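Data from data_4.cif: mmCIF, C-alpha atoms
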data_entry
#
loop_
_atom_site.label_atom_id
_atom_site.label_comp_id
_atom_site.auth_asym_id
_atom_site.auth_seq_id
_atom_site.Cartn_x
_atom_site.Cartn_y
_atom_site.Cartn_z
CA MET A 1 108.79 136.52 93.51
CA ALA A 2 109.35 133.01 92.18
CA ILE A 3 112.99 132.31 91.38
CA LEU A 4 111.78 129.91 88.65
CA LYS A 5 108.57 129.71 86.65
CA ILE A 6 107.92 127.01 84.03
CA GLU A 7 104.85 127.21 81.79
CA ARG A 8 103.65 124.43 79.48
CA LEU A 9 107.11 123.16 78.58
CA ARG A 10 107.19 120.52 75.86
CA LYS A 11 110.02 118.53 74.29
CA ARG A 12 109.95 115.49 72.00
CA PHE A 13 112.82 113.28 70.86
CA ASN A 14 111.55 111.32 67.85
CA GLU A 15 108.76 109.14 69.30
CA VAL A 16 109.51 109.96 72.93
CA GLN A 17 107.66 112.82 74.66
CA ALA A 18 110.40 113.83 77.11
CA LEU A 19 108.48 116.80 78.53
CA ASP A 20 104.69 116.80 78.32
CA ASP A 21 103.13 120.18 79.14
CA VAL A 22 105.23 120.72 82.31
CA SER A 23 104.27 123.72 84.49
CA PHE A 24 105.31 124.71 88.03
CA GLU A 25 106.76 127.54 90.13
CA PHE A 26 109.65 127.39 92.59
CA ASP A 27 110.30 130.09 95.20
CA HIS A 28 113.44 129.21 97.17
CA GLY A 29 115.42 126.41 98.82
CA ILE A 30 116.39 123.09 97.25
CA LEU A 31 114.00 121.43 94.79
CA SER A 32 114.70 117.89 93.55
CA PHE A 33 113.44 116.31 90.34
CA LEU A 34 112.93 112.65 91.21
CA GLY A 35 112.01 109.75 88.97
CA PRO A 36 113.30 106.72 87.07
CA SER A 37 115.67 106.92 84.12
CA GLY A 38 113.97 108.39 81.07
CA CYS A 39 111.25 110.24 82.97
CA GLY A 40 112.35 113.67 81.67
CA LYS A 41 114.09 115.12 84.73
CA THR A 42 117.47 115.74 83.05
CA THR A 43 115.79 117.14 79.91
CA LEU A 44 113.90 119.56 82.17
CA LEU A 45 117.10 120.62 83.94
CA ARG A 46 118.97 121.10 80.65
CA SER A 47 116.08 123.13 79.25
CA ILE A 48 116.20 125.43 82.28
CA ALA A 49 119.95 125.83 81.75
CA GLY A 50 119.48 126.66 78.06
CA LEU A 51 121.38 123.57 76.96
CA GLU A 52 118.23 122.06 75.45
CA VAL A 53 115.76 123.92 73.24
CA PRO A 54 112.16 122.89 74.02
CA ASP A 55 109.47 122.59 71.38
CA GLY A 56 107.13 124.90 73.25
CA GLY A 57 106.49 126.72 76.49
CA SER A 58 108.42 129.25 78.54
CA ILE A 59 111.03 129.47 81.31
CA SER A 60 111.51 132.50 83.56
CA ILE A 61 114.23 133.02 86.16
CA ALA A 62 113.65 135.80 88.72
CA ASP A 63 110.83 137.21 86.55
CA GLN A 64 113.09 137.42 83.50
CA VAL A 65 112.01 135.31 80.51
CA GLN A 66 114.91 133.04 79.50
CA THR A 67 113.10 130.78 77.04
CA SER A 68 109.88 131.40 75.15
CA ILE A 69 109.44 129.46 71.94
CA GLU A 70 106.23 131.36 71.13
CA GLN A 71 107.98 134.75 71.55
CA GLY A 72 111.24 133.65 69.94
CA ILE A 73 113.29 134.25 73.12
CA LEU A 74 116.27 131.99 73.86
CA VAL A 75 118.83 133.45 76.25
CA PRO A 76 122.17 131.58 75.91
CA PRO A 77 123.34 129.48 78.89
CA TYR A 78 126.23 131.79 79.84
CA ALA A 79 123.83 134.76 80.19
CA ARG A 80 121.26 133.06 82.45
CA GLU A 81 122.99 133.76 85.79
CA ILE A 82 122.91 130.08 86.73
CA GLY A 83 125.50 127.53 87.79
CA PHE A 84 125.53 123.97 86.47
CA VAL A 85 127.20 120.96 88.10
CA PHE A 86 127.35 118.06 85.65
CA GLN A 87 127.14 114.36 86.50
CA ASN A 88 130.73 113.76 85.36
CA TYR A 89 131.94 117.13 86.81
CA ALA A 90 133.27 118.21 83.35
CA LEU A 91 136.64 119.35 84.71
CA TRP A 92 139.49 120.19 82.35
CA PRO A 93 142.18 117.55 83.11
CA HIS A 94 145.04 119.78 81.84
CA MET A 95 144.03 122.71 84.06
CA THR A 96 144.78 123.21 87.75
CA VAL A 97 141.99 123.51 90.30
CA PHE A 98 142.41 127.30 90.22
CA LYS A 99 142.12 127.48 86.43
CA ASN A 100 139.09 125.17 86.38
CA VAL A 101 137.23 127.34 88.88
CA ALA A 102 138.34 130.53 87.12
CA PHE A 103 137.25 129.35 83.67
CA GLY A 104 133.76 130.90 83.66
CA LEU A 105 134.96 134.10 85.31
CA LYS A 106 137.59 134.62 82.62
CA LEU A 107 134.95 134.16 79.93
CA ARG A 108 133.20 137.14 81.51
CA LYS A 109 136.45 139.11 81.10
CA LEU A 110 136.69 140.10 84.75
CA PRO A 111 139.89 141.74 86.04
CA ALA A 112 142.56 139.26 87.17
CA ASP A 113 142.49 140.40 90.82
CA GLU A 114 138.70 139.96 90.96
CA VAL A 115 138.96 136.51 89.36
CA ARG A 116 141.54 135.48 91.97
CA ARG A 117 139.42 136.78 94.85
CA LYS A 118 136.28 134.98 93.66
CA VAL A 119 138.14 131.71 93.00
CA LEU A 120 139.80 131.66 96.41
CA ASN A 121 136.52 132.51 98.13
CA ALA A 122 134.73 129.68 96.29
CA LEU A 123 137.47 127.16 97.14
CA GLU A 124 137.34 128.18 100.79
CA LEU A 125 133.56 127.66 100.80
CA VAL A 126 133.94 124.06 99.60
CA GLY A 127 136.92 123.31 101.84
CA LEU A 128 139.59 123.13 99.14
CA GLN A 129 141.79 126.06 100.16
CA GLY A 130 145.46 125.26 99.58
CA LYS A 131 144.73 122.91 96.67
CA GLU A 132 144.61 125.54 93.91
CA GLU A 133 147.64 124.19 92.04
CA ARG A 134 146.62 120.55 92.00
CA TYR A 135 145.18 118.85 88.91
CA PRO A 136 141.88 116.90 88.85
CA SER A 137 143.77 113.60 88.59
CA GLN A 138 145.43 114.37 91.93
CA LEU A 139 142.08 114.71 93.71
CA SER A 140 139.61 112.18 95.09
CA GLY A 141 136.12 111.84 93.60
CA GLY A 142 134.63 113.90 96.42
CA GLN A 143 137.22 116.65 95.93
CA GLN A 144 136.56 116.74 92.17
CA GLN A 145 132.86 117.15 92.91
CA ARG A 146 133.70 120.11 95.15
CA VAL A 147 135.79 121.72 92.41
CA ALA A 148 132.83 121.49 90.03
CA LEU A 149 130.62 123.05 92.70
CA ALA A 150 133.17 125.81 93.40
CA ARG A 151 133.30 126.64 89.70
CA SER A 152 129.54 127.26 89.74
CA LEU A 153 129.54 129.16 93.04
CA ALA A 154 132.34 131.47 91.85
CA LEU A 155 129.92 132.86 89.25
CA GLU A 156 127.57 133.96 92.06
CA PRO A 157 124.50 132.55 90.28
CA ARG A 158 120.86 133.20 91.16
CA LEU A 159 120.18 129.48 90.78
CA ILE A 160 122.43 126.43 90.78
CA LEU A 161 121.52 123.27 88.83
CA LEU A 162 122.93 119.87 89.83
CA ASP A 163 122.55 116.83 87.57
CA GLU A 164 123.07 113.71 89.75
CA PRO A 165 126.30 115.22 91.13
CA LEU A 166 126.95 112.39 93.61
CA SER A 167 126.32 109.41 91.33
CA ASN A 168 130.04 108.80 90.66
CA LEU A 169 130.92 108.51 94.36
CA ASP A 170 131.02 105.34 96.44
CA ALA A 171 128.11 104.70 98.82
CA LYS A 172 129.82 105.91 102.01
CA LEU A 173 131.20 109.11 100.48
CA ARG A 174 127.88 109.74 98.79
CA GLU A 175 126.10 109.76 102.15
CA GLU A 176 128.67 112.15 103.61
CA MET A 177 128.48 114.51 100.64
CA ARG A 178 124.67 114.75 100.81
CA SER A 179 124.83 116.49 104.15
CA GLU A 180 127.83 118.62 103.18
CA LEU A 181 126.18 119.71 99.94
CA LYS A 182 122.94 120.69 101.65
CA LYS A 183 124.78 122.67 104.35
CA LEU A 184 126.88 124.44 101.72
CA ILE A 185 123.91 125.45 99.56
CA LYS A 186 122.09 126.77 102.63
CA LYS A 187 125.21 128.62 103.80
CA VAL A 188 125.67 130.35 100.45
CA GLY A 189 121.99 131.26 100.46
CA ILE A 190 121.14 130.42 96.85
CA SER A 191 118.40 128.18 95.50
CA ALA A 192 119.14 124.88 93.81
CA LEU A 193 117.56 122.38 91.43
CA TYR A 194 118.75 118.83 91.98
CA VAL A 195 118.22 115.84 89.67
CA THR A 196 118.34 112.32 91.11
CA HIS A 197 116.72 108.90 90.76
CA ASP A 198 117.58 108.10 94.39
CA GLN A 199 114.60 108.83 96.64
CA GLU A 200 116.67 108.72 99.83
CA GLU A 201 118.99 111.33 98.39
CA ALA A 202 116.10 113.52 97.23
CA PHE A 203 114.38 113.37 100.62
CA THR A 204 117.60 114.04 102.54
CA ILE A 205 118.73 117.07 100.59
CA SER A 206 115.49 118.74 99.48
CA ASP A 207 112.93 121.20 100.79
CA SER A 208 110.56 120.22 97.97
CA VAL A 209 110.39 117.31 95.52
CA ILE A 210 108.85 116.91 92.07
CA VAL A 211 108.15 113.30 91.09
CA MET A 212 108.15 112.72 87.32
CA GLU A 213 107.17 109.88 85.02
CA ASN A 214 106.86 109.83 81.20
CA GLY A 215 107.58 113.55 80.92
CA LYS A 216 104.83 114.57 83.35
CA ILE A 217 104.82 115.96 86.88
CA LEU A 218 102.83 113.53 89.03
CA GLN A 219 103.29 115.28 92.38
CA TYR A 220 104.99 118.40 93.74
CA GLY A 221 105.32 118.81 97.50
CA SER A 222 107.49 118.43 100.57
CA PRO A 223 109.24 115.10 101.16
CA ASP A 224 106.83 114.45 104.04
CA GLU A 225 103.76 115.08 101.87
CA ILE A 226 105.00 112.83 99.08
CA TYR A 227 105.96 110.00 101.43
CA ASN A 228 102.85 110.10 103.63
CA ARG A 229 100.24 111.26 101.10
CA PRO A 230 101.13 110.04 97.60
CA ALA A 231 98.70 111.47 95.06
CA HIS A 232 99.31 108.94 92.29
CA ALA A 233 99.76 105.17 92.11
CA PHE A 234 103.20 105.50 90.51
CA VAL A 235 104.37 107.86 93.26
CA ALA A 236 103.19 105.37 95.90
CA SER A 237 105.01 102.47 94.23
CA PHE A 238 108.19 104.47 93.59
CA ILE A 239 108.53 106.06 97.02
CA GLY A 240 109.54 104.05 100.09
CA HIS A 241 108.74 100.42 100.89
CA SER A 242 105.07 100.27 99.97
CA THR A 243 102.49 97.79 98.75
CA LEU A 244 99.68 98.96 96.48
CA VAL A 245 96.37 97.03 96.47
CA GLU A 246 92.90 97.62 95.06
CA GLY A 247 90.21 98.50 97.57
CA LYS A 248 86.65 99.72 97.97
CA ILE A 249 85.53 102.46 100.34
CA VAL A 250 82.71 101.21 102.58
CA GLU A 251 82.42 104.11 105.03
CA VAL A 252 83.66 107.68 105.49
CA ASP A 253 83.41 108.90 109.07
CA GLY A 254 84.94 112.32 109.72
CA ALA A 255 88.72 111.92 109.66
CA ASN A 256 88.52 108.16 109.04
CA CYS A 257 87.86 106.00 106.02
CA LEU A 258 87.01 102.27 106.08
CA VAL A 259 88.25 100.32 103.09
CA THR A 260 87.70 96.66 102.23
CA ILE A 261 90.42 94.79 100.31
CA ALA A 262 89.38 91.73 98.32
CA GLU A 263 92.94 90.41 98.00
CA PHE A 264 93.21 90.30 101.79
CA ASP A 265 90.22 87.92 101.98
CA GLY A 266 87.88 90.91 102.24
CA ALA A 267 89.58 92.42 105.31
CA THR A 268 88.64 95.97 106.27
CA LEU A 269 91.26 98.62 107.13
CA ARG A 270 90.83 102.02 108.75
CA SER A 271 92.81 104.86 107.16
CA PRO A 272 92.86 108.67 107.16
CA ALA A 273 90.05 110.09 105.03
CA VAL A 274 90.83 111.86 101.76
CA PRO A 275 88.90 114.57 99.91
CA ARG A 276 86.24 113.35 97.46
CA ALA A 277 86.08 109.87 99.03
CA VAL A 278 82.53 108.44 99.08
CA PRO A 279 81.17 105.02 100.12
CA GLY A 280 81.08 102.49 97.30
CA GLN A 281 83.97 104.11 95.47
CA ALA A 282 86.85 102.02 94.11
CA CYS A 283 90.28 103.17 95.28
CA GLN A 284 93.91 102.19 95.59
CA VAL A 285 95.32 101.49 99.04
CA VAL A 286 98.97 102.27 99.80
CA ILE A 287 100.45 100.40 102.78
CA ARG A 288 103.93 101.40 103.95
CA THR A 289 105.26 97.99 104.90
CA SER A 290 108.21 99.32 106.91
CA GLU A 291 105.68 100.60 109.47
CA ILE A 292 103.88 97.27 110.07
CA ARG A 293 104.09 95.43 113.41
CA LEU A 294 104.51 91.64 113.30
CA SER A 295 103.88 89.01 115.97
CA HIS A 296 103.25 85.27 116.21
CA GLU A 297 100.73 86.12 118.93
CA ALA A 298 97.48 88.04 118.37
CA PHE A 299 97.46 91.70 119.33
CA ALA A 300 94.92 93.04 121.85
CA ALA A 301 91.31 92.21 121.00
CA GLY A 302 89.56 94.98 119.10
CA SER A 303 92.80 96.44 117.66
CA ASP A 304 92.21 98.36 114.46
CA ASN A 305 93.85 97.05 111.30
CA MET A 306 94.92 93.67 112.68
CA LEU A 307 95.35 91.06 109.95
CA GLN A 308 96.26 87.41 110.08
CA GLY A 309 98.57 85.79 107.58
CA GLN A 310 101.10 83.04 107.07
CA MET A 311 104.83 83.73 107.15
CA THR A 312 106.37 81.79 104.27
CA SER A 313 110.04 82.78 104.65
CA ARG A 314 112.52 85.24 106.12
CA GLU A 315 115.63 86.54 104.39
CA SER A 316 118.52 88.20 106.22
CA ARG A 317 120.38 91.09 104.57
CA GLY A 318 122.95 91.85 107.22
CA GLY A 319 121.30 94.30 109.58
CA LEU A 320 117.95 94.03 107.78
CA THR A 321 115.46 91.16 107.54
CA ASP A 322 112.74 90.67 104.91
CA HIS A 323 109.66 88.89 106.28
CA HIS A 324 107.48 87.33 103.53
CA ILE A 325 103.86 87.03 104.69
CA GLN A 326 100.95 85.66 102.67
CA ILE A 327 97.58 87.35 103.36
CA GLY A 328 94.82 85.95 101.22
CA SER A 329 96.05 86.05 97.64
CA ARG A 330 98.68 88.73 98.28
CA GLU A 331 102.20 88.56 99.67
CA LEU A 332 103.55 91.40 101.81
CA VAL A 333 107.27 91.87 102.42
CA VAL A 334 107.95 93.60 105.73
CA THR A 335 111.54 94.81 106.11
CA SER A 336 112.90 95.47 109.59
CA HIS A 337 116.14 96.16 111.43
CA LYS A 338 117.34 93.25 113.54
CA LEU A 339 116.67 95.24 116.74
CA CYS A 340 113.30 96.65 115.64
CA PRO A 341 110.85 96.46 118.60
CA MET A 342 107.90 96.25 116.19
CA ILE A 343 108.85 92.70 115.21
CA ASN A 344 108.12 89.85 117.64
CA VAL A 345 108.50 86.63 115.66
CA ASP A 346 110.55 83.44 115.92
CA GLY A 347 111.24 81.02 113.09
CA GLU A 348 110.70 81.39 109.37
CA ARG A 349 107.18 80.00 109.05
CA GLY A 350 103.84 79.90 110.79
CA LYS A 351 100.76 81.94 111.62
CA THR A 352 101.60 85.64 111.83
CA PHE A 353 99.59 88.65 112.96
CA LEU A 354 100.06 92.09 111.44
CA LEU A 355 99.09 95.42 113.00
CA ILE A 356 99.00 98.38 110.61
CA ASP A 357 98.71 101.87 112.08
CA ARG A 358 96.19 104.01 110.20
CA SER A 359 98.96 106.58 109.58
CA ALA A 360 100.81 103.94 107.52
CA ILE A 361 97.91 103.76 105.05
CA SER A 362 97.08 106.19 102.23
CA ILE A 363 94.06 106.13 99.92
CA ILE A 364 94.22 107.20 96.26
CA VAL A 365 90.84 107.85 94.61
#

Written form, structure tokens:
Amino acid sequence: MAILKIERLRKRFNEVQALDDVSFEFDHGILSFLGPSGCGKTTLLRSIAGLEVPDGGSISIADQVQTSIEQGILVPPYAREIGFVFQNYALWPHMTVFKNVAFGLKLRKLPADEVRRKVLNALELVGLQGKEERYPSQLSGGQQQRVALARSLALEPRLILLDEPLSNLDAKLREEMRSELKKLIKKVGISALYVTHDQEEAFTISDSVIVMENGKILQYGSPDEIYNRPAHAFVASFIGHSTLVEGKIVEVDGANCLVTIAEFDGATLRSPAVPRAVPGQACQVVIRTSEIRLSHEAFAAGSDNMLQGQMTSRESRGGLTDHHIQIGSRELVVTSHKLCPMINVDGERGKTFLLIDRSAISIIV
């Protein structure tokens, strides 16, 4: 049974099509909606929560229809058995931690002893036991985020929705909270929908990722599938450190595909084959530049995917270095750690050889 099923969801704000015929199913685990600002991910999350009324389509949670514009069904947010963690946490500043977490339980008119038990259990889960009588202003940003999470967990929801819950934290705390949040969700054993524009965050915390752009789902898969086998040019350009160039398939041989790239002075690269690829077909070639080897000396004769270019500059960013290399009419930027064994270059200019493993190349036809 799918915990969530979305069918042909549509939503327009004036001239903007925020959701454009969105359909998918989600079984369990943590699913992230990933994409740039304005792609529709928050509108989708709010529609699932019942905070936004779509123009068409349906939403089912655990086989129960929650929204169906065609059938006139619109279950209110408080009756959907979901938890929602907002970007700004939405904590009541005049209420203690205990009262904030208890707020939703009291709306359900539960007995006081049951409310207390559920609140204390939720606070223990997020590591805030002993802080029940503090106010939000007396807590750090990370602790406030945990209070918002505890408030949702106390309701024992079927599904928890998180709208960029770490965006207000500093970089170091944000990294720490990613791991804590994932462990906590897994420990509680509920499924979660997570909205973010940060690909590193999405890949770290998620079992599955949906990449969106202009209200559409471009790809739905595991982080590994999306990173290594992007199915759309936008996905390839948005995910990771990649360069996208136009190519032409010249040969398909079993598991391999040979592609010529005009911008690289007609160089030919070997990549994994893709379904429906045929010789003579135009394609787009995705090269993950963080996986390229560099050297001022040529690699072994006969090496696949060895290119020659001209290094034009290098820029240091602390522990990282950006190597700018001109190949034909195209510039590649290869980013490496200062101790990366794949980089064997001295100086900022000069003839440079590149070796690209076939696994670092994806073809989009």

Worksheet item: For this file, the PyMOL selection byres ((chain A and resi 191) around 7) selects which residues, as a PyMOL selection string?
Response: chain A and resi 28-30+159-160+189-190+192

Those selected residues, please, written with C-alpha atoms and delivered as an mmCIF file, keeping the file's coordinate frame.
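As a result, again-v1.cif now contains:
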data_model
loop_
_atom_site.group_PDB
_atom_site.id
_atom_site.type_symbol
_atom_site.label_atom_id
_atom_site.label_comp_id
_atom_site.auth_asym_id
_atom_site.auth_seq_id
_atom_site.Cartn_x
_atom_site.Cartn_y
_atom_site.Cartn_z
ATOM 1 C CA HIS A 28 113.440 129.210 97.170
ATOM 2 C CA GLY A 29 115.420 126.410 98.820
ATOM 3 C CA ILE A 30 116.390 123.090 97.250
ATOM 4 C CA LEU A 159 120.180 129.480 90.780
ATOM 5 C CA ILE A 160 122.430 126.430 90.780
ATOM 6 C CA GLY A 189 121.990 131.260 100.460
ATOM 7 C CA ILE A 190 121.140 130.420 96.850
ATOM 8 C CA ALA A 192 119.140 124.880 93.810
#

Worksheet item: From the list A:Asn256, A:Ser222, A:Gln129, A:Ser167, which residue is nearest A:Gly141 when using all atoms listed in the file?
Response: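 Nearest to A:Gly141: A:Ser167.
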
Item to complete: Quick one: residues within 7 Å of (107.8, 116.6, 89.9) (file frame), counting only C-alpha atoms, please, as a list in words.
Response: Phe33, Leu34, Val209, Ile210, Val211, Met212, Ile217, Leu218, Gln219 and Tyr220 of chain A

Discussion item. With the PyMOL selection byres ((chain A and resi 179) around 12) as the selection, what would be picked from this file? Answer as a list in words, please.
Written reply: Leu166, Lys172, Leu173, Arg174, Glu175, Glu176, Met177, Arg178, Glu180, Leu181, Lys182, Lys183, Leu184, Ile185, Lys186, Glu201, Ala202, Phe203, Thr204, Ile205 and Ser206 of chain A

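Taking atom CA of A:Asp207 and atom CA of A:Asp27 as the two end points, the separation is 10.8 Å.
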
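Going from atom CA of A:Ala300 over to atom CA of A:Pro341, you cover 16.6 Å.
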
Edge lengths and centre in Å, axis-aligned, stretch 137-151 of chain A plus 3 Å each side, as JSON:
{"center_x": 138.0, "center_y": 119.2, "center_z": 92.5, "size_x": 20.8, "size_y": 20.8, "size_z": 13.8}

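Distance-wise, atom CA of A:Val101 and atom CA of A:Arg151 end up 4.1 Å apart.
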
Worksheet, complete the sentence: Of A:Val345, A:Ala273, A:Val53, A:Leu162, the one sitting nearest A:Gln145 when using all atoms listed in the file is A:Leu162

Item to complete: Enumerate, as a ChimeraX atom specification, the residues matched when the PyMOL selection byres ((chain A and resi 99) around 12) is run on the file above.
Response: /A:91-98,100-107,112,115-116,118-120,123,131-136,147-148,150-151,154

Proximity of stretch 179-237 of chain A to stretch 282-288 of chain A: per-residue shortest pair, 12 Å limit, only C-alpha atoms, as JSON lines:
{"residue": "A:Tyr227", "atom": "CA", "partner": "A:Arg288", "partner_atom": "CA", "distance": 9.2}
{"residue": "A:Asn228", "atom": "CA", "partner": "A:Arg288", "partner_atom": "CA", "distance": 8.8}
{"residue": "A:Arg229", "atom": "CA", "partner": "A:Val286", "partner_atom": "CA", "distance": 9.2}
{"residue": "A:Pro230", "atom": "CA", "partner": "A:Val286", "partner_atom": "CA", "distance": 8.4}
{"residue": "A:Ala231", "atom": "CA", "partner": "A:Val286", "partner_atom": "CA", "distance": 10.4}
{"residue": "A:His232", "atom": "CA", "partner": "A:Gln284", "partner_atom": "CA", "distance": 9.3}
{"residue": "A:Ala233", "atom": "CA", "partner": "A:Gln284", "partner_atom": "CA", "distance": 7.4}
{"residue": "A:Phe234", "atom": "CA", "partner": "A:Val286", "partner_atom": "CA", "distance": 10.7}
{"residue": "A:Val235", "atom": "CA", "partner": "A:Val286", "partner_atom": "CA", "distance": 10.2}
{"residue": "A:Ala236", "atom": "CA", "partner": "A:Val286", "partner_atom": "CA", "distance": 6.5}
{"residue": "A:Ser237", "atom": "CA", "partner": "A:Val286", "partner_atom": "CA", "distance": 8.2}

Listing only residues of stretch 167-269 of chain A within 10 Å of stretch 307-331 of chain A, what is the closest atom pair and its distance in Å (to one decimal) for each, using all atoms listed in the file, sorted by chain and residue number ascending, as a tab-separated table?
residue	atom	partner	partner_atom	distance
A:Thr243	CA	A:Glu331	CA	9.3
A:Val245	CA	A:Arg330	CA	8.8
A:Ile261	CA	A:Gly328	CA	9.9
A:Ala262	CA	A:Gly328	CA	8.5
A:Glu263	CA	A:Ser329	CA	5.4
A:Phe264	CA	A:Gly328	CA	4.7
A:Asp265	CA	A:Gly328	CA	5.1
A:Gly266	CA	A:Gly328	CA	8.6
A:Ala267	CA	A:Leu307	CA	7.5
A:Thr268	CA	A:Leu307	CA	9.1
A:Leu269	CA	A:Leu307	CA	9.0

Discussion item. Show me the residues around (102.3, 81.1, 112.0) - criterion: an atom at most 7 Å away, all atoms listed in the file counted - as a list in words.
Written reply: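 Protein and nucleic acid residues near the point are His296, Gln310, Met311, Arg349, Gly350, Lys351 and Thr352 of chain A.
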
Fill in: Top pick for closest residue to A:Ser271, considering A:Val195, A:Ile292, A:Val250, A:Ala360 and counting only C-alpha atoms
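Answer, going by the shortest atom-to-atom distance: A:Ala360.
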
Discussion item. Taking all atoms listed in the file into account, name the residue in A:Asp170, A:Glu213, A:Glu124, A:Glu251 that is nearest to A:Ser140.
Written reply: A:Asp170

Worksheet item: Contacts of A:Asp55 at 8 Å or less, counting all atoms listed in the file, minus same-chain residues fewer than 3 places along, as a list in words?
Response: Leu9, Arg10, Lys11, Arg12 and Ile69 of chain A

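When only C-alpha atoms are used to compute distances to A:Arg80, the closest of the residues A:Ile249, A:Ala2, A:Ile48, A:Leu110 turns out to be A:Ile48.
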
Discussion item. For a quick check of understanding, using all atoms listed in the file, which of A:Ala301, A:Ile6, A:Val188, A:Leu193 has the smallest distance to A:Leu45?
Written reply: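 Using all atoms listed in the file, the shortest distance to A:Leu45 belongs to A:Leu193.
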
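Residues in contact with A:Gly50 at 8 Å, where only C-alpha atoms are counted and same-chain residues fewer than 3 positions away are skipped, are listed as Arg46, Ser47, Val53, Gln66, Thr67, Leu74, Val75, Pro76, Pro77 and Arg80 of chain A.
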
Worksheet item: What lies within 12 Å of A:Ser290 using only C-alpha atoms, ignoring chain neighbours under 6 positions off, as a ChimeraX atom specification?
Response: /A:239-243,320-323,332-337,340,342-343,354-357,360-361

All heavy atoms restored at stretch 77-82 of chain A, emitted as a PDB file, in the frame of the given file:
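The result, stored in part-v3.pdb:
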ATOM      1  N   PRO A  77     123.043 129.974  77.541  1.00  0.00           N
ATOM      2  CA  PRO A  77     123.340 129.480  78.890  1.00  0.00           C
ATOM      3  C   PRO A  77     124.223 130.409  79.719  1.00  0.00           C
ATOM      4  O   PRO A  77     123.970 130.624  80.903  1.00  0.00           O
ATOM      5  CB  PRO A  77     124.028 128.140  78.630  1.00  0.00           C
ATOM      6  CG  PRO A  77     123.487 127.687  77.312  1.00  0.00           C
ATOM      7  CD  PRO A  77     123.301 128.938  76.516  1.00  0.00           C
ATOM      8  N   TYR A  78     125.274 130.976  79.086  1.00  0.00           N
ATOM      9  CA  TYR A  78     126.230 131.790  79.840  1.00  0.00           C
ATOM     10  C   TYR A  78     125.620 133.106  80.335  1.00  0.00           C
ATOM     11  O   TYR A  78     126.182 133.762  81.218  1.00  0.00           O
ATOM     12  CB  TYR A  78     127.467 132.088  78.985  1.00  0.00           C
ATOM     13  CG  TYR A  78     127.202 132.874  77.719  1.00  0.00           C
ATOM     14  CD1 TYR A  78     127.086 134.257  77.734  1.00  0.00           C
ATOM     15  CD2 TYR A  78     127.071 132.214  76.490  1.00  0.00           C
ATOM     16  CE1 TYR A  78     126.842 134.974  76.569  1.00  0.00           C
ATOM     17  CE2 TYR A  78     126.825 132.915  75.326  1.00  0.00           C
ATOM     18  CZ  TYR A  78     126.702 134.290  75.370  1.00  0.00           C
ATOM     19  OH  TYR A  78     126.452 134.993  74.225  1.00  0.00           O
ATOM     20  N   ALA A  79     124.459 133.491  79.791  1.00  0.00           N
ATOM     21  CA  ALA A  79     123.830 134.760  80.190  1.00  0.00           C
ATOM     22  C   ALA A  79     122.652 134.557  81.139  1.00  0.00           C
ATOM     23  O   ALA A  79     121.937 135.507  81.440  1.00  0.00           O
ATOM     24  CB  ALA A  79     123.366 135.517  78.933  1.00  0.00           C
ATOM     25  N   ARG A  80     122.446 133.337  81.628  1.00  0.00           N
ATOM     26  CA  ARG A  80     121.260 133.060  82.450  1.00  0.00           C
ATOM     27  C   ARG A  80     121.497 133.216  83.953  1.00  0.00           C
ATOM     28  O   ARG A  80     120.609 132.956  84.744  1.00  0.00           O
ATOM     29  CB  ARG A  80     120.753 131.637  82.161  1.00  0.00           C
ATOM     30  CG  ARG A  80     120.217 131.492  80.760  1.00  0.00           C
ATOM     31  CD  ARG A  80     119.380 130.261  80.564  1.00  0.00           C
ATOM     32  NE  ARG A  80     118.823 130.236  79.220  1.00  0.00           N
ATOM     33  CZ  ARG A  80     117.737 129.593  78.854  1.00  0.00           C
ATOM     34  NH1 ARG A  80     117.073 128.873  79.753  1.00  0.00           N
ATOM     35  NH2 ARG A  80     117.296 129.643  77.614  1.00  0.00           N
ATOM     36  N   GLU A  81     122.669 133.579  84.366  1.00  0.00           N
ATOM     37  CA  GLU A  81     122.990 133.760  85.790  1.00  0.00           C
ATOM     38  C   GLU A  81     122.666 132.501  86.600  1.00  0.00           C
ATOM     39  O   GLU A  81     122.055 132.547  87.653  1.00  0.00           O
ATOM     40  CB  GLU A  81     122.245 134.968  86.370  1.00  0.00           C
ATOM     41  CG  GLU A  81     122.675 136.293  85.766  1.00  0.00           C
ATOM     42  CD  GLU A  81     122.059 137.465  86.489  1.00  0.00           C
ATOM     43  OE1 GLU A  81     122.435 137.715  87.650  1.00  0.00           O
ATOM     44  OE2 GLU A  81     121.185 138.132  85.907  1.00  0.00           O
ATOM     45  N   ILE A  82     123.082 131.362  86.040  1.00  0.00           N
ATOM     46  CA  ILE A  82     122.910 130.080  86.730  1.00  0.00           C
ATOM     47  C   ILE A  82     124.255 129.376  86.809  1.00  0.00           C
ATOM     48  O   ILE A  82     125.185 129.683  86.055  1.00  0.00           O
ATOM     49  CB  ILE A  82     121.911 129.160  85.988  1.00  0.00           C
ATOM     50  CG1 ILE A  82     122.409 128.871  84.568  1.00  0.00           C
ATOM     51  CG2 ILE A  82     120.514 129.753  85.977  1.00  0.00           C
ATOM     52  CD1 ILE A  82     121.658 127.760  83.883  1.00  0.00           C
TER      53      ILE A  82
END
